[in-house]
Amino acid sequence: MTRIGIYVCHCGLNIAGVVDVEKVAEYAKGLPDVVVTKHYTYMCSDPGQRMIQEDIKAQKLDRIVIATCSPRMHEETFRRAVAEAGLNPYLTEIVNLREQVSWPHTDEPEKATEKAKALVRMGVARARLLEPLEKRKVTVEKSVLVVGGGIAGIQASLDLADAGFKVYLVEKAPSIGGRMAQLDKTFPTLDCSACILTPKMVDVAKHQNITLLTNAEVTGVKGFVGNYEVSILKKPRYLDVVRCVGCEVCTKVCPVKVPDKFNENLSEKRAISIYSPQAVPKIATIDPDYCLRLKYNKGVCGKCQDACEAKAINFEQQPETIQAKVGGIVLAVGSEVFDASKMAELGYGRFKNVISNIEFERISDASGPTGGKILTPKDGKPPRTIVFIQCVGSRDKRFHEYCCRVGCMATLKQAILAREKISENVKIYVCFIDLRAFGKGYDEFYTRARDMDIDFIAGLPSEIHSAPDGSLYFDVYDKGTNKLLEMHADLVVLGTGLVPNSDLGNISALFHASRSADGFLLEAHPKLRPLETAMAGIFLAGACQGPKDIPDTVAQASGAAAKAIDLLSSGEIELEPLKAVVDKDLCSGCRICESTCPFIAIEMKSEIVNGNETFRAEVIEAMCQGCGLCSSACPTGAITIQQYSNKQVLTQVEAALTEACAEGGK
Amino acid sequence: MSLVDLMTMAKPNLESREKILAKLRGRELVNCFQCIKCTSGCTALKLLELKPHEIIKLVNLGFVDELPSSDIIWTCVTCLKCVQRCPQKASPYHVIMALRNLAVEREAKVPEGYLKAVSQILETGLAETAQKVVTGEMETVDRVCLKLPKIISPKEGFQAVFMKTMEEK
């Protein structure tokens with residue numbers, strides 16, 4: 001005999017402000033097998049939970065239906081409460097009266113109440129068919145893969161390694177450091193970026209718990225939370241990493257000039273080179289796309305080989321694949337800077353003295369192409385007028401609708417650096433729409449910029465022209481003065497925003513990490529689970545989740561590391577019991593489920609039936625995430641997902657339709 | 001009404017505002033965040049003081065009563081730069097066209113110069129009949145000197161096409 005308890009939550013006025021909760025509770029009383037019906041202001045509160053627990057004991061309830069907010073919010077809370085009262089937690093059914101009723105139907109309270117009744121009716125119908133389930137326990141690897149060696153990956157790796165976890169840090173470039181290594185100073189304190197980053201990079205290389213894999217990419221991910229198997233491809237550097245001492249003799253004899261990516265192609269390096277002055281590891285790499293020996297002919301050049309005293313050069317080196325078992329994964333793959341040449345009207349790419357903000361960083365950096373002197377790229381002279389133009393590629397429906405979150409502060413910093421470096425003779429203007437200085441100490445930084453005679457023009461130019469003598473000019477209408485101004489500039493710096501990595505599509509597919517509409521990786525919940533992906537055991541850190549400045553990136557990286565530690569520290573984890581179950585008699589061995597399963601959780605096992613070999617699907621319990629794809633794909637209905645069997649779902653559908661039909665007949 | 005323009009004591013007219021919005025394909029103009037790119041690049045601004053960003057803001061706030069009878073809306077030269085460059089796809093050009101249509105509906109006065117241009121198009125099929133051009137060095141030369149083709153009126157019958165189009169609209 002089933003005994004059901006129904007609890008309707010007001011959620012303050014979130015639900016009760018629209019839905020007549022008393023009517024819903026009254027209605028629920030008449031549903032079959034319902035013994036207790038109550039409504040309460042906050043069901044999730046301590047007294048609310050206690051009310052349910054007391055009823056379970058006193059009234060011997062064996063099914064609980066809670067009509068409240070989304071199960072994503074509090075299903076776990078209520079399951080825990082139910083379990084504490086001695087009932088199997090999976091005998092709880094959540095009916096969503098907030099996200100599915102009161103919030104979307106604020107204008108129609110009466111219809112909303114009717115919908116709430118129908119949902120409760122459906123919930124009760126399903127609750128009667130619920131079955132008790134037990135959580136599964138699996139042991140986990142106490143090691144973590146961190147993808148990306150920028151400041152996010154570095155911080156996450158150090159936190160994890162300090163907590164005693166083994167870390168595999170994989171970086172695509174020949175050195176770790178990422179975007180932050182390219183920056184000159186950092187806002188709002190004007191710390192030298194290299195001075196605060198380089199020690200951390202060295203710590204990573206020295207840490208005994210960190211395996212640093214640079215010039216490498218993750219090529220395969222298998223398994224499930226706590227037990228991922230990853231393949232990492234180490235691209236050849238064409239030299240022996242143990243022998244190379246980073247003396248740079250080879251880079252002086254190499255005859256092939258190559259654009260220097262680290263300097264945003266503003267200068268040249270050689271086909272054999274060390275990635276950056278602070279590179280970690282500080283060893284050379286040969287670019288096979290440019291090296292004469294590797295690209296054309298085995299007999300030619302080889303000058304670096306002759307010059308290297310350590311005998312480190314090895315043109316025969318092959319790519320190598322490493323397998324690793326990890327419990328969790330932190331994705332910290334960062335972002336790219338918007339390519340301003342897409343915005344043709346600003347002349348980036350056509351006019352040499354129109355540069356992006358990341359190029360300005362390299363020009364301003366002491367280790368950059370100009371040795372830290374701010375000089376125009378076209379003529380190598382100090383500019384007398386610099387104009388910064390904001391929101392390039394961001395807040396623009398033609399390109400990226402979001403705010404890049406760093407452009408305003410980066411521009412303020414660069415304007416201040418320009419003022420400090422070129423003295424008072426330079427005129428500095430910033431053309432902007434809104435100036436966003438929202439972080440700690442940020443608005444004070446904006447004030448500092450104004451104190452330093454940096455002028456702000458409220459309005460963006462429509463297009464930039466080049467005069468016959470090569471100087472730049474444009475018109476801009478200023479909101480403050482209501483005047484159309486003609487501006488002449490020696491250097492125009494574009495406030496280019498951050499955009500998703502061009503290979504983020506591959507990364508998203510490889511790790512089953514979804515992306516949001518803006519193209520960045522999607523967090524499991526925008527407010528309550530910002531550090532996780534929807535895939536258990538895969539975490540997010542830094543600008544791959546959305547544009548971020550350094551303080552936010554570091555905070556998120558430490559958070560993601562803490563989340564991974566929290567998950568793996570006990571050595572075993574509990575998995576949701578909801579999994580696929582195969583009815584062997586119905587399975588025809590068509591293998592459709594095997595091909596649809598994203599978690600490789602289905603295996604075909606051979607069986608001898610009446611002397612013939614047949615194949616039947618079998619679920620690898622530890623790998624199954626209960627997503628339900630196999631169940632909906634199975635042509636014979638042989639696979640069901642526990643708690644979501646056809647019968648359970650169809651009964652709900654029937655309950656949804658029965659009363660609606662009856663009313664229609666009235 | 002919650003807004004008053006203290007210079008003219010005008011109040012927003014939300015009904016007329018809706019009429020203008022109804023003439024547009026979308027309501028994107030409400031997304032305008034006043035970046036002023038349209039005005040910065042407006043071909044008509046230097047000579048004629050057309051400020052597209054002000055027109056958008058006036059429509060958004062509902063100060064629309066003066067606009068259809070104003071000469072300003074007829075100064076747009078339809079170069080479409082604002083349409084191409086607006087980051088919010090708010091398109092001042094389409095708003096100006098909507099205001100022109102509203103002005104004609106209300107039988108407001110259309111500036112002489114504009115009417116002249118229209119009647120020239122109706123007569124000759126051409127917006128521009130000049131056979132001479134001004135070069136970048138401000139010299140007036142014959143089109144032939146610059147190896148440009150002569151401007152020739154379209155074939156007969158174009159007026160019928162114009163009339164048909166106007167009737168359809």
# chains A, B, ... in the order shown; residues from 1 in each chain; ligands from 1
>>> residues_around(residues="Asn60 (chain B)", least_positions_apart="5", cutoff="8 Å", atoms="only C-alpha atoms", output="list in words")
Arg17, Leu29 and Val30 of chain B
>>> residues_around(residues="Lys37 (chain B)", least_positions_apart="6", cutoff="6 Å", atoms="only C-alpha atoms", output="mmCIF file with C-alpha atoms, in the first residue's frame")
data_model
loop_
_atom_site.group_PDB
_atom_site.id
_atom_site.type_symbol
_atom_site.label_atom_id
_atom_site.label_comp_id
_atom_site.auth_asym_id
_atom_site.auth_seq_id
_atom_site.Cartn_x
_atom_site.Cartn_y
_atom_site.Cartn_z
ATOM 1 C CA LEU A 460 33.168 56.325 -31.350
ATOM 2 C CA PRO A 461 34.500 57.226 -34.795
ATOM 3 C CA SER A 462 32.798 55.644 -37.774
#
>>> residues_around(residues="Glu112 (chain B)", least_positions_apart="6", cutoff="12 Å", atoms="only C-alpha atoms", output="PyMOL selection string")
chain B and resi 71+74-75+118-119
>>> select_by_dssp(residues="region 446-552 of chain A", states="alpha helix (DSSP H)", output="list in words")
Tyr446, Thr447, Arg448, Ala449, Arg450, Asp451, Leu504, Gly505, Asn506, Ile507, Ser508, Ala509, Leu510, Ile550, Pro551 and Asp552 of chain A
>>> interface_residues(of="chain B", to="chain A", cutoff="8 Å", atoms="only C-alpha atoms", output="list in words")
Phe33, Gln34, Cys35, Ile36, Lys37, Cys38, Thr39, Ser40, Gly41, Lys46, Arg85, Cys86, Pro87, Gln88 and Lys89 of chain B
>>> residues_around(residues="Pro132 (chain A)", least_positions_apart="2", cutoff="8 Å", atoms="only C-alpha atoms", output="list of chain:residue names")
A:Asn88, A:Pro89, A:Tyr90, A:Leu91, A:Leu130, A:Glu134
>>> write_last_selection(atoms="C-alpha atoms", output="PDB file, in the first residue's frame")
ATOM      1  CA  ASN A  88      15.266   5.643   0.334  1.00  0.00           C
ATOM      2  CA  PRO A  89      16.098   9.092  -1.132  1.00  0.00           C
ATOM      3  CA  TYR A  90      15.130   8.052  -4.655  1.00  0.00           C
ATOM      4  CA  LEU A  91      11.496   7.740  -3.608  1.00  0.00           C
ATOM      5  CA  LEU A 130       9.361   5.093  -8.205  1.00  0.00           C
ATOM      6  CA  GLU A 134      21.371   2.694  -4.169  1.00  0.00           C
TER       7      GLU A 134
END
>>> residues_around(residues="region 409-415 of chain A", least_positions_apart="2", cutoff="10 Å", atoms="only C-alpha atoms", output="ChimeraX atom specification")
/A:183-190,357-358,360-361,364,386-390,405-407,417-421,427-430,435-439,442-443,445-450,452-455,493-496,549
>>> select_by_dssp(residues="region 463-609 of chain A", states="strand (DSSP E or B)", output="PyMOL selection string")
chain A and resi 465-466+472-478+483-489+491-496+498-500+515+521+525+529+532+538-540+572-575+580-582+602-609
>>> write_last_selection(atoms="C-alpha atoms", output="PDB file, in the first residue's frame")
ATOM      1  CA  HIS A 465      41.384  57.451 -42.870  1.00  0.00           C
ATOM      2  CA  SER A 466      44.985  57.766 -43.842  1.00  0.00           C
ATOM      3  CA  LEU A 472      45.809  58.966 -39.512  1.00  0.00           C
ATOM      4  CA  TYR A 473      42.683  61.090 -39.086  1.00  0.00           C
ATOM      5  CA  PHE A 474      39.033  60.587 -38.406  1.00  0.00           C
ATOM      6  CA  ASP A 475      35.851  62.363 -37.359  1.00  0.00           C
ATOM      7  CA  VAL A 476      34.237  61.692 -34.031  1.00  0.00           C
ATOM      8  CA  TYR A 477      31.136  63.261 -32.555  1.00  0.00           C
ATOM      9  CA  ASP A 478      31.577  64.034 -28.860  1.00  0.00           C
ATOM     10  CA  LYS A 483      30.574  68.830 -31.559  1.00  0.00           C
ATOM     11  CA  LEU A 484      31.903  66.901 -34.484  1.00  0.00           C
ATOM     12  CA  LEU A 485      35.653  66.768 -33.943  1.00  0.00           C
ATOM     13  CA  GLU A 486      38.342  65.903 -36.445  1.00  0.00           C
ATOM     14  CA  MET A 487      41.171  64.038 -34.753  1.00  0.00           C
ATOM     15  CA  HIS A 488      44.666  63.384 -36.063  1.00  0.00           C
ATOM     16  CA  ALA A 489      46.684  60.605 -34.512  1.00  0.00           C
ATOM     17  CA  LEU A 491      49.066  55.901 -33.198  1.00  0.00           C
ATOM     18  CA  VAL A 492      45.584  54.400 -32.886  1.00  0.00           C
ATOM     19  CA  VAL A 493      45.217  51.589 -30.362  1.00  0.00           C
ATOM     20  CA  LEU A 494      42.102  49.459 -30.748  1.00  0.00           C
ATOM     21  CA  GLY A 495      40.454  48.130 -27.583  1.00  0.00           C
ATOM     22  CA  THR A 496      40.094  44.654 -29.043  1.00  0.00           C
ATOM     23  CA  LEU A 498      38.669  38.604 -25.949  1.00  0.00           C
ATOM     24  CA  VAL A 499      37.066  35.939 -28.126  1.00  0.00           C
ATOM     25  CA  PRO A 500      36.775  32.148 -27.798  1.00  0.00           C
ATOM     26  CA  ARG A 515      29.477  25.999 -25.101  1.00  0.00           C
ATOM     27  CA  LEU A 521      32.635  26.993 -22.504  1.00  0.00           C
ATOM     28  CA  HIS A 525      25.047  26.761 -13.452  1.00  0.00           C
ATOM     29  CA  ARG A 529      28.162  26.063 -10.198  1.00  0.00           C
ATOM     30  CA  GLU A 532      32.197  23.066 -13.286  1.00  0.00           C
ATOM     31  CA  ILE A 538      35.601  18.410 -15.582  1.00  0.00           C
ATOM     32  CA  PHE A 539      36.170  21.920 -14.252  1.00  0.00           C
ATOM     33  CA  LEU A 540      36.620  25.356 -15.810  1.00  0.00           C
ATOM     34  CA  GLU A 572      36.335   7.269  -3.863  1.00  0.00           C
ATOM     35  CA  ILE A 573      33.205   8.984  -5.073  1.00  0.00           C
ATOM     36  CA  GLU A 574      29.518   8.235  -5.108  1.00  0.00           C
ATOM     37  CA  LEU A 575      27.806   8.184  -8.487  1.00  0.00           C
ATOM     38  CA  ALA A 580      20.775   2.239 -18.218  1.00  0.00           C
ATOM     39  CA  VAL A 581      19.561  -1.331 -17.834  1.00  0.00           C
ATOM     40  CA  VAL A 582      19.328  -3.808 -20.751  1.00  0.00           C
ATOM     41  CA  ILE A 602      27.998   0.048 -23.804  1.00  0.00           C
ATOM     42  CA  GLU A 603      29.827  -3.113 -24.776  1.00  0.00           C
ATOM     43  CA  MET A 604      28.591  -5.834 -27.098  1.00  0.00           C
ATOM     44  CA  LYS A 605      29.013  -9.242 -25.471  1.00  0.00           C
ATOM     45  CA  SER A 606      28.817 -12.411 -27.536  1.00  0.00           C
ATOM     46  CA  GLU A 607      26.521 -15.197 -26.447  1.00  0.00           C
ATOM     47  CA  ILE A 608      25.775 -18.623 -27.828  1.00  0.00           C
ATOM     48  CA  VAL A 609      22.020 -19.089 -28.246  1.00  0.00           C
TER      49      VAL A 609
END
>>> atom_distance(atom1="CA of Val221 (chain A)", atom2="CA of Leu510 (chain A)")
6.5 Å
>>> residues_around(residues="Ile620 (chain A)", least_positions_apart="2", cutoff="7 Å", atoms="only C-alpha atoms", output="list of chain:residue names")
A:Ala601, A:Ile602, A:Glu618, A:Ala622, A:Met623, A:Cys624
>>> residues_around(residues="region 254-258 of chain A", least_positions_apart="3", cutoff="10 Å", atoms="only C-alpha atoms", output="JSON list (two decimals) with N, CA and C atoms, in the first residue's frame")
[["chain", "number", "residue", "atom", "x", "y", "z"],
["A", 249, "VAL", "N", 72.78, 29.79, -28.64],
["A", 249, "VAL", "CA", 73.79, 29.88, -29.71],
["A", 249, "VAL", "C", 73.14, 29.51, -31.05],
["A", 250, "CYS", "N", 72.30, 28.48, -31.03],
["A", 250, "CYS", "CA", 71.64, 28.03, -32.26],
["A", 250, "CYS", "C", 70.83, 29.14, -32.90],
["A", 251, "THR", "N", 70.14, 29.94, -32.06],
["A", 251, "THR", "CA", 69.26, 30.98, -32.60],
["A", 251, "THR", "C", 70.06, 32.07, -33.30],
["A", 261, "LYS", "N", 55.67, 35.10, -32.91],
["A", 261, "LYS", "CA", 54.28, 35.05, -32.44],
["A", 261, "LYS", "C", 54.13, 35.68, -31.07],
["A", 265, "ASN", "N", 53.91, 39.15, -33.92],
["A", 265, "ASN", "CA", 54.47, 39.31, -35.28],
["A", 265, "ASN", "C", 55.02, 40.71, -35.54],
["A", 267, "SER", "N", 57.99, 41.57, -34.60],
["A", 267, "SER", "CA", 59.43, 41.41, -34.84],
["A", 267, "SER", "C", 59.66, 40.00, -35.39],
["A", 268, "GLU", "N", 60.93, 39.71, -35.64],
["A", 268, "GLU", "CA", 61.23, 38.39, -36.20],
["A", 268, "GLU", "C", 62.14, 37.61, -35.27],
["A", 269, "LYS", "N", 62.02, 36.29, -35.34],
["A", 269, "LYS", "CA", 62.97, 35.44, -34.63],
["A", 269, "LYS", "C", 63.49, 34.45, -35.68],
["A", 270, "ARG", "N", 64.13, 33.38, -35.22],
["A", 270, "ARG", "CA", 64.69, 32.41, -36.17],
["A", 270, "ARG", "C", 63.86, 31.13, -36.13],
["A", 271, "ALA", "N", 64.08, 30.27, -37.13],
["A", 271, "ALA", "CA", 63.32, 29.02, -37.20],
["A", 271, "ALA", "C", 63.60, 28.13, -36.00],
["A", 272, "ILE", "N", 64.81, 28.25, -35.42],
["A", 272, "ILE", "CA", 65.05, 27.62, -34.12],
["A", 272, "ILE", "C", 65.12, 28.75, -33.11],
["A", 273, "SER", "N", 64.29, 28.65, -32.07],
["A", 273, "SER", "CA", 64.22, 29.78, -31.14],
["A", 273, "SER", "C", 63.68, 29.33, -29.79],
["A", 287, "ASP", "N", 60.88, 25.24, -35.61],
["A", 287, "ASP", "CA", 59.59, 25.32, -36.28],
["A", 287, "ASP", "C", 59.68, 24.57, -37.60],
["A", 289, "ASP", "N", 57.72, 24.25, -39.98],
["A", 289, "ASP", "CA", 57.14, 24.92, -41.14],
["A", 289, "ASP", "C", 58.16, 25.85, -41.81],
["A", 290, "TYR", "N", 59.22, 26.20, -41.09],
["A", 290, "TYR", "CA", 60.19, 27.16, -41.63],
["A", 290, "TYR", "C", 61.60, 26.59, -41.79],
["A", 291, "CYS", "N", 61.99, 25.65, -40.91],
["A", 291, "CYS", "CA", 63.34, 25.10, -40.93],
["A", 291, "CYS", "C", 63.66, 24.50, -42.30],
["A", 292, "LEU", "N", 64.78, 24.92, -42.90],
["A", 292, "LEU", "CA", 65.14, 24.46, -44.25],
["A", 292, "LEU", "C", 65.33, 22.96, -44.28],
["A", 301, "CYS", "N", 71.55, 22.94, -44.85],
["A", 301, "CYS", "CA", 71.70, 23.75, -43.63],
["A", 301, "CYS", "C", 72.30, 22.95, -42.47],
["A", 302, "GLY", "N", 71.54, 22.72, -41.42],
["A", 302, "GLY", "CA", 72.10, 22.01, -40.27],
["A", 302, "GLY", "C", 73.07, 22.86, -39.48],
["A", 303, "LYS", "N", 73.00, 24.20, -39.64],
["A", 303, "LYS", "CA", 73.92, 25.08, -38.94],
["A", 303, "LYS", "C", 73.76, 25.00, -37.42],
["A", 304, "CYS", "N", 72.49, 24.86, -36.97],
["A", 304, "CYS", "CA", 72.26, 24.79, -35.52],
["A", 304, "CYS", "C", 72.92, 23.54, -34.94],
["A", 305, "GLN", "N", 72.85, 22.45, -35.73],
["A", 305, "GLN", "CA", 73.44, 21.19, -35.28],
["A", 305, "GLN", "C", 74.96, 21.33, -35.09],
["A", 307, "ALA", "N", 76.50, 24.14, -34.49],
["A", 307, "ALA", "CA", 76.83, 25.12, -33.46],
["A", 307, "ALA", "C", 76.56, 24.61, -32.04]]
>>> closest_residue(among="B:Thr140, B:Thr124, B:Gln131, B:Asn13", to="Leu61 (chain B)", atoms="only C-alpha atoms")
B:Asn13
>>> closest_residue(among="A:Gly347, A:Pro577, A:Gly153, A:Gly226", to="Ala555 (chain A)", atoms="only C-alpha atoms")
A:Gly153
>>> atom_distance(atom1="CA of Asp162 (chain A)", atom2="CA of Ala181 (chain A)")
22.8 Å
>>> closest_atom_pairs(of="region 61-121 of chain B", to="region 20-28 of chain B", cutoff="12 Å", atoms="only C-alpha atoms", output="tab-separated table")
residue	atom	partner	partner_atom	distance
B:Gly62	CA	B:Ile20	CA	10.0
B:Phe63	CA	B:Ile20	CA	11.6
B:Val64	CA	B:Ile20	CA	8.9
B:Asp65	CA	B:Ile20	CA	11.0
B:Leu67	CA	B:Ile20	CA	10.8
B:Pro68	CA	B:Ile20	CA	10.2
B:Val83	CA	B:Glu28	CA	11.6
B:Cys86	CA	B:Glu28	CA	10.6
B:Pro87	CA	B:Glu28	CA	10.7
B:Gln88	CA	B:Glu28	CA	7.1
B:Lys89	CA	B:Glu28	CA	6.2
B:Ala90	CA	B:Glu28	CA	4.8
B:Ser91	CA	B:Glu28	CA	7.8
B:Pro92	CA	B:Glu28	CA	10.1
B:Tyr93	CA	B:Leu24	CA	10.5
B:His94	CA	B:Leu24	CA	6.8
B:Val95	CA	B:Leu24	CA	7.1
B:Ile96	CA	B:Ile20	CA	9.6
B:Met97	CA	B:Lys23	CA	9.0
B:Ala98	CA	B:Lys23	CA	5.8
B:Leu99	CA	B:Ile20	CA	6.8
B:Arg100	CA	B:Ile20	CA	10.0
B:Asn101	CA	B:Lys23	CA	8.6
B:Leu102	CA	B:Ile20	CA	7.5
B:Ala103	CA	B:Ile20	CA	10.7
B:Glu105	CA	B:Ile20	CA	11.8
